[in-house]
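This is target_29.cif (mmCIF, C-alpha atoms).
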data_structure
#
loop_
_atom_site.label_atom_id
_atom_site.label_comp_id
_atom_site.auth_asym_id
_atom_site.auth_seq_id
_atom_site.Cartn_x
_atom_site.Cartn_y
_atom_site.Cartn_z
CA MET A 765 -31.77 41.85 -63.41
CA ARG A 766 -32.79 40.75 -59.96
CA LEU A 767 -31.11 42.34 -56.97
CA PHE A 768 -30.37 40.59 -53.68
CA ARG A 769 -28.53 37.55 -55.04
CA ASP A 770 -27.47 36.77 -51.45
CA LYS A 771 -30.14 34.26 -50.39
CA SER A 772 -29.22 34.69 -46.73
CA SER A 773 -30.57 38.23 -46.91
CA SER A 774 -34.24 38.98 -46.36
CA ALA A 775 -33.79 42.61 -47.41
CA GLU A 776 -36.06 42.30 -50.43
CA SER A 777 -39.02 41.14 -48.35
CA HIS A 778 -38.37 43.87 -45.78
CA LEU A 779 -38.29 46.57 -48.45
CA ALA A 780 -41.62 45.40 -49.86
CA HIS A 781 -43.39 46.37 -46.62
CA VAL A 782 -41.85 49.85 -46.24
CA GLN A 783 -44.45 52.51 -47.05
CA GLU A 784 -42.07 55.45 -47.44
CA HIS A 785 -38.51 54.87 -48.48
CA PHE A 786 -36.17 57.58 -47.28
CA LEU A 787 -32.57 57.42 -48.41
CA TYR A 788 -31.21 59.38 -45.48
CA HIS A 789 -27.73 60.22 -46.74
CA LEU A 790 -28.82 61.07 -50.28
CA GLY A 791 -31.79 63.15 -49.14
CA ILE A 792 -34.22 61.32 -51.43
CA SER A 793 -37.70 60.26 -50.30
CA SER A 794 -40.22 58.15 -52.20
CA ALA A 795 -42.90 60.47 -50.77
CA THR A 796 -41.57 63.52 -52.60
CA THR A 797 -39.68 61.97 -55.54
CA ASP A 798 -41.17 59.70 -58.20
CA ILE A 799 -38.24 57.29 -58.04
CA PRO A 800 -39.25 55.06 -61.00
CA ALA A 801 -39.95 58.04 -63.26
CA THR A 802 -36.69 59.73 -62.30
CA PHE A 803 -34.27 56.82 -62.19
CA LYS A 804 -35.67 53.85 -64.15
CA ASP A 805 -33.46 54.56 -67.18
CA VAL A 806 -30.22 54.24 -65.17
CA LYS A 807 -27.79 51.73 -66.65
CA PHE A 808 -24.49 52.83 -65.13
CA VAL A 809 -23.36 53.99 -61.71
CA CYS A 810 -19.95 55.61 -61.27
CA ILE A 811 -18.69 56.16 -57.74
CA GLY A 812 -15.57 57.90 -56.47
CA GLY A 813 -14.22 59.47 -53.32
CA THR A 814 -14.95 63.18 -53.66
CA ALA A 815 -17.98 65.19 -54.68
CA SER A 816 -15.95 67.54 -56.87
CA ARG A 817 -14.43 64.69 -58.85
CA MET A 818 -17.81 63.08 -59.46
CA GLU A 819 -19.40 66.35 -60.51
CA GLU A 820 -16.51 66.85 -62.94
CA LEU A 821 -17.16 63.38 -64.34
CA ALA A 822 -20.87 64.11 -64.66
CA GLN A 823 -20.19 67.32 -66.58
CA HIS A 824 -17.72 65.53 -68.84
CA LEU A 825 -20.20 62.72 -69.50
CA ALA A 826 -22.89 65.23 -70.43
CA GLY A 827 -20.66 66.59 -73.18
CA GLU A 828 -19.47 63.18 -74.36
CA LEU A 829 -22.99 61.75 -74.50
CA GLY A 830 -24.37 64.82 -76.24
CA LEU A 831 -26.60 65.72 -73.32
CA LEU A 832 -26.33 69.46 -73.71
CA LEU A 833 -29.24 71.90 -73.56
CA ASN A 834 -28.70 75.40 -74.94
CA GLY A 835 -24.95 75.01 -74.51
CA ARG A 836 -25.30 73.91 -70.88
CA SER A 837 -24.84 70.40 -69.59
CA ASP A 838 -27.94 68.46 -68.66
CA VAL A 839 -26.72 67.32 -65.23
CA MET A 840 -29.29 66.73 -62.49
CA ARG A 841 -28.09 67.17 -58.92
CA CYS A 842 -30.13 64.59 -57.05
CA SER A 843 -28.92 65.23 -53.50
CA PRO A 844 -29.34 68.98 -52.93
CA LYS A 845 -30.24 68.76 -49.24
CA THR A 846 -27.44 66.62 -47.89
CA GLU A 847 -23.75 67.24 -47.35
CA ARG A 848 -22.89 63.58 -46.73
CA TYR A 849 -22.82 62.34 -50.34
CA SER A 850 -23.35 64.00 -53.71
CA LEU A 851 -25.38 62.33 -56.45
CA PHE A 852 -25.60 63.50 -60.06
CA LYS A 853 -27.67 62.06 -62.91
CA VAL A 854 -26.60 62.38 -66.54
CA GLY A 855 -29.05 60.53 -68.77
CA PRO A 856 -28.59 56.83 -67.95
CA VAL A 857 -25.62 57.44 -65.65
CA LEU A 858 -25.47 58.16 -61.92
CA CYS A 859 -22.28 59.68 -60.49
CA ALA A 860 -21.93 59.58 -56.70
CA SER A 861 -19.27 60.35 -54.11
CA HIS A 862 -18.59 57.71 -51.45
CA GLY A 863 -16.10 59.35 -49.08
CA ILE A 864 -13.16 57.34 -47.79
CA GLY A 865 -13.13 53.71 -46.71
CA VAL A 866 -15.56 50.80 -46.93
CA ALA A 867 -17.55 52.01 -43.93
CA SER A 868 -18.45 55.21 -45.77
CA ALA A 869 -18.84 53.58 -49.19
CA SER A 870 -21.14 50.85 -47.84
CA VAL A 871 -23.68 53.42 -46.60
CA LEU A 872 -23.83 54.95 -50.06
CA LEU A 873 -24.09 51.54 -51.73
CA HIS A 874 -26.99 50.43 -49.52
CA GLU A 875 -28.94 53.51 -50.56
CA LEU A 876 -27.96 53.27 -54.23
CA PHE A 877 -28.98 49.60 -54.29
CA LYS A 878 -32.36 50.48 -52.80
CA LEU A 879 -32.75 53.31 -55.31
CA ILE A 880 -31.98 50.96 -58.20
CA HIS A 881 -34.38 48.36 -56.82
CA LEU A 882 -37.22 50.81 -56.24
CA ALA A 883 -36.76 52.41 -59.65
CA GLY A 884 -36.97 49.03 -61.39
CA CYS A 885 -33.63 49.48 -63.19
CA VAL A 886 -32.29 46.53 -65.20
CA ASP A 887 -28.77 45.47 -66.19
CA VAL A 888 -26.97 48.10 -64.13
CA THR A 889 -23.15 48.20 -64.12
CA LEU A 890 -21.21 49.92 -61.35
CA LEU A 891 -17.70 51.37 -61.70
CA ARG A 892 -15.58 52.65 -58.84
CA ILE A 893 -12.93 55.03 -60.13
CA GLY A 894 -10.35 56.60 -57.87
CA THR A 895 -6.76 56.85 -56.73
CA CYS A 896 -4.38 54.43 -55.09
CA GLY A 897 -0.82 53.67 -54.12
CA GLY A 898 1.04 51.31 -56.41
CA VAL A 899 3.14 48.29 -55.47
CA GLY A 900 6.00 48.31 -57.95
CA VAL A 901 3.83 50.25 -60.38
CA GLU A 902 4.76 53.47 -62.17
CA GLU A 903 2.96 56.66 -61.14
CA GLY A 904 0.12 57.52 -63.47
CA THR A 905 -0.68 53.89 -64.29
CA VAL A 906 -4.36 52.90 -64.22
CA ILE A 907 -4.93 49.61 -62.42
CA ILE A 908 -8.11 47.58 -62.97
CA SER A 909 -8.76 45.20 -60.08
CA ASP A 910 -9.12 41.53 -61.02
CA GLY A 911 -9.76 40.84 -57.34
CA ALA A 912 -9.18 42.38 -53.93
CA VAL A 913 -7.90 41.17 -50.58
CA ASN A 914 -8.59 42.56 -47.13
CA GLY A 915 -6.01 43.60 -44.54
CA GLN A 916 -5.40 39.93 -43.71
CA LEU A 917 -4.77 39.22 -47.41
CA ARG A 918 -7.97 37.19 -47.75
CA HIS A 919 -10.51 37.47 -50.58
CA VAL A 920 -13.38 38.32 -48.23
CA TYR A 921 -14.70 41.41 -46.53
CA THR A 922 -16.08 41.16 -43.01
CA TRP A 923 -19.03 43.04 -41.53
CA ASN A 924 -20.04 42.75 -37.88
CA VAL A 925 -23.80 42.20 -37.74
CA LEU A 926 -25.73 41.60 -34.52
CA GLY A 927 -22.47 41.04 -32.70
CA LYS A 928 -21.24 38.40 -35.14
CA PRO A 929 -18.89 38.60 -38.13
CA ILE A 930 -20.33 38.07 -41.60
CA GLU A 931 -17.83 37.33 -44.34
CA ARG A 932 -18.89 38.14 -47.88
CA PRO A 933 -16.71 36.92 -50.76
CA VAL A 934 -14.90 39.49 -52.85
CA VAL A 935 -15.67 38.50 -56.43
CA ALA A 936 -14.48 40.44 -59.46
CA ASP A 937 -16.44 40.18 -62.72
CA LEU A 938 -13.56 39.15 -65.00
CA ASP A 939 -15.59 39.68 -68.19
CA LEU A 940 -16.21 43.25 -67.10
CA VAL A 941 -12.53 43.64 -66.20
CA SER A 942 -11.56 42.56 -69.73
CA GLU A 943 -14.16 44.85 -71.27
CA LEU A 944 -12.89 47.80 -69.30
CA GLN A 945 -9.27 47.00 -70.12
CA ALA A 946 -10.19 46.91 -73.81
CA CYS A 947 -11.19 50.58 -73.49
CA ALA A 948 -7.52 51.50 -73.07
CA LYS A 949 -6.06 52.76 -76.32
CA VAL A 950 -2.64 52.30 -77.89
CA GLY A 951 -2.33 56.06 -78.18
CA ASP A 952 -2.86 56.66 -74.45
CA HIS A 953 0.11 58.35 -72.79
CA PHE A 954 -0.28 56.11 -69.74
CA PRO A 955 -0.36 52.34 -69.19
CA THR A 956 -3.44 50.43 -68.06
CA ILE A 957 -2.83 47.12 -66.28
CA VAL A 958 -4.80 44.48 -64.40
CA GLY A 959 -3.89 43.29 -60.91
CA THR A 960 -5.11 42.43 -57.44
CA THR A 961 -5.82 45.22 -54.96
CA LEU A 962 -5.14 45.37 -51.24
CA CYS A 963 -8.10 47.05 -49.54
CA THR A 964 -7.32 48.37 -46.06
CA ASP A 965 -9.38 49.96 -43.29
CA ASP A 966 -6.63 52.43 -42.44
CA PHE A 967 -4.55 54.91 -44.42
CA TYR A 968 -1.45 54.69 -42.22
CA GLU A 969 -0.44 51.50 -40.42
CA GLY A 970 -2.83 49.39 -42.50
CA GLN A 971 -0.99 50.53 -45.63
CA ALA A 972 2.48 50.05 -44.13
CA ARG A 973 3.11 53.77 -43.83
CA LEU A 974 5.79 55.06 -41.51
CA ASP A 975 4.44 58.62 -41.19
CA GLY A 976 1.31 58.10 -39.07
CA ALA A 977 0.86 59.10 -35.44
CA LEU A 978 1.47 55.44 -34.55
CA CYS A 979 3.82 52.99 -36.23
CA SER A 980 4.30 49.46 -34.88
CA PHE A 981 6.87 48.20 -37.41
CA THR A 982 10.29 48.96 -38.85
CA VAL A 983 11.37 50.16 -42.27
CA GLN A 984 12.48 46.63 -43.09
CA ASP A 985 9.11 45.25 -41.98
CA LYS A 986 7.44 47.63 -44.39
CA VAL A 987 9.68 46.68 -47.31
CA THR A 988 9.24 42.97 -46.60
CA PHE A 989 5.45 43.35 -46.53
CA LEU A 990 5.30 45.33 -49.77
CA LEU A 991 7.53 42.82 -51.53
CA ARG A 992 5.28 40.03 -50.28
CA LEU A 993 2.28 41.84 -51.73
CA ARG A 994 4.07 42.11 -55.05
CA GLU A 995 4.77 38.36 -55.07
CA LEU A 996 1.07 37.70 -54.39
CA GLY A 997 0.06 39.69 -57.46
CA VAL A 998 -1.07 42.78 -55.56
CA ARG A 999 -0.43 45.86 -57.66
CA ASN A 1000 -2.11 48.60 -55.67
CA ILE A 1001 -3.48 49.65 -52.28
CA GLU A 1002 -6.65 51.61 -51.55
CA MET A 1003 -9.56 51.57 -49.11
CA GLU A 1004 -12.82 50.64 -50.88
CA SER A 1005 -12.40 47.91 -53.51
CA ALA A 1006 -13.02 44.78 -51.41
CA GLY A 1007 -16.19 46.17 -49.83
CA VAL A 1008 -17.52 47.50 -53.14
CA LEU A 1009 -16.93 44.21 -54.99
CA ALA A 1010 -18.31 42.13 -52.12
CA LEU A 1011 -21.52 44.14 -51.76
CA CYS A 1012 -22.14 44.36 -55.50
CA HIS A 1013 -21.65 40.61 -55.85
CA ALA A 1014 -24.04 39.99 -52.95
CA VAL A 1015 -26.88 41.96 -54.55
CA GLY A 1016 -26.17 40.88 -58.13
CA ILE A 1017 -24.78 44.05 -59.71
CA ARG A 1018 -21.80 43.76 -62.06
CA ALA A 1019 -18.97 45.94 -60.79
CA ALA A 1020 -15.39 46.87 -61.54
CA VAL A 1021 -12.75 49.04 -59.89
CA ALA A 1022 -10.20 51.16 -61.76
CA CYS A 1023 -7.78 53.41 -59.88
CA VAL A 1024 -4.82 55.52 -60.93
CA CYS A 1025 -1.51 55.11 -59.10
CA LEU A 1026 -0.31 58.35 -57.49
CA VAL A 1027 2.83 56.89 -55.92
CA ASP A 1028 4.85 53.68 -56.06
CA ARG A 1029 4.95 52.60 -52.42
CA LEU A 1030 8.16 50.65 -53.02
CA VAL A 1031 9.80 53.99 -53.79
CA SER A 1032 8.08 56.64 -51.67
CA GLU A 1033 5.45 57.28 -49.00
CA GLU A 1034 3.88 60.26 -50.74
CA PRO A 1035 3.49 61.52 -54.33
CA LYS A 1036 6.35 63.70 -55.53
CA ASN A 1037 4.61 65.22 -58.55
CA LYS A 1038 3.01 68.65 -58.66
CA SER A 1039 -0.69 69.03 -57.94
CA ASP A 1040 -1.62 69.84 -61.54
CA LEU A 1041 -0.08 66.57 -62.74
CA LEU A 1042 -1.84 64.65 -59.96
CA GLU A 1043 -5.13 66.18 -61.10
CA GLU A 1044 -4.40 64.99 -64.63
CA TYR A 1045 -3.69 61.51 -63.28
CA GLN A 1046 -7.09 61.45 -61.58
CA ARG A 1047 -8.83 62.02 -64.90
CA ARG A 1048 -7.34 58.86 -66.39
CA PRO A 1049 -9.78 56.34 -64.81
CA GLN A 1050 -12.56 58.74 -65.81
CA MET A 1051 -11.42 58.47 -69.43
CA LEU A 1052 -11.75 54.69 -69.30
CA ALA A 1053 -15.17 54.93 -67.66
CA VAL A 1054 -16.46 57.35 -70.29
CA ARG A 1055 -15.17 55.18 -73.14
CA PHE A 1056 -16.76 52.11 -71.57
CA ILE A 1057 -20.14 53.80 -71.15
CA LYS A 1058 -20.11 55.22 -74.68
CA SER A 1059 -19.20 51.81 -76.10
CA ARG A 1060 -21.98 50.09 -74.18
CA LEU A 1061 -24.57 52.68 -75.20
CA ALA A 1062 -23.51 52.47 -78.85
CA ALA A 1063 -24.13 48.72 -78.75
CA LEU A 1064 -27.69 49.07 -77.43
#
What do you get writing this file as structure tokens?
Amino acid sequence: MRLFRDKSSSAESHLAHVQEHFLYHLGISSATTDIPATFKDVKFVCIGGTASRMEELAQHLAGELGLLLNGRSDVMRCSPKTERYSLFKVGPVLCASHGIGVASASVLLHELFKLIHLAGCVDVTLLRIGTCGGVGVEEGTVIISDGAVNGQLRHVYTWNVLGKPIERPVVADLDLVSELQACAKVGDHFPTIVGTTLCTDDFYEGQARLDGALCSFTVQDKVTFLLRLRELGVRNIEMESAGVLALCHAVGIRAAVACVCLVDRLVSEEPKNKSDLLEEYQRRPQMLAVRFIKSRLAAL
């Protein structure tokens, strides 16, 4: 696999002339860490919002993949000196937290991409797993994104670079979407569906919420907008998918996004279920990710 598919980027040539690579927000330096020896076997990267959720996934993966030493999970914490992001390695899998929003996630992805490139990893697949609001979707449903639109309902994500906007296309890997969907089982006590995702830069007004400090629209405006989303095939709303898919497509890494619906926004602003049930919901995309990784590894 060759990174940096985006021919307009000269990042690969720039990286070749850097003598010491320091991944600032992961706390990893090529001067003190043998990056190829430590990370070359990585085949999968799982990212999600919080450090605790990703550590939980890493521990679960260790058990599922049989990576246990003397009854304890073989999980390597790779970012011990930074509080910005957490990175865990479990055999061929990296689990990392990305915070909230594309701005935060993009910093992590830049450093993960460089790590993958420097380590010489091949055929890496990235999965973002997280939570979302549904659009006419039952709470607890897992939604796999077959595409994502930005706040203007366009299939691009825009970065401002050197004072100018750069639009990168949001491209979903539909083969990967199908493969991930196939990991859902008939016996699951929750549905798994495929749909388009609205990715916003704001949790409140950008998601048509009425309970923020500012609100520039009416209740009817909100309902009209959400119904329009539904007609367009949008099934959920979150804050990272478009940026993640755009950046992964630009560098040539296969990626998919699977999020669990905590609330149907056509019904309510906020989840009504108890916290323990919401925690169980959040494990559902993890279940799909673990099944997918186990299936892939079994086929190798």
Just so the selection is clear, what residues does the PyMOL selection byres ((chain A and resi 876) around 10) cover here, as JSON, numbers by chain?
-> {"A": [787, 790, 809, 851, 858, 860, 870, 871, 872, 873, 874, 875, 877, 878, 879, 880, 881, 882]}
Hey, what comes out of the PyMOL selection byres ((chain A and resi 794-808) around 6) on this file? Could you write it as a PyMOL selection string?
-> chain A and resi 784-785+793+809+856-857+883-885+888-890
Result set, the PyMOL selection byres ((chain A and resi 909) around 9) on current file, as a count of residues only | 19
For CA of Pro1049 in chain A and CA of Val899 in chain A, quote the distance in Å rounded to one decimal.
-> 17.9 Å
Within 10 Å of Leu829 in chain A using all atoms listed in the file, minus same-chain residues under 6 positions, as a count of residues only | 7
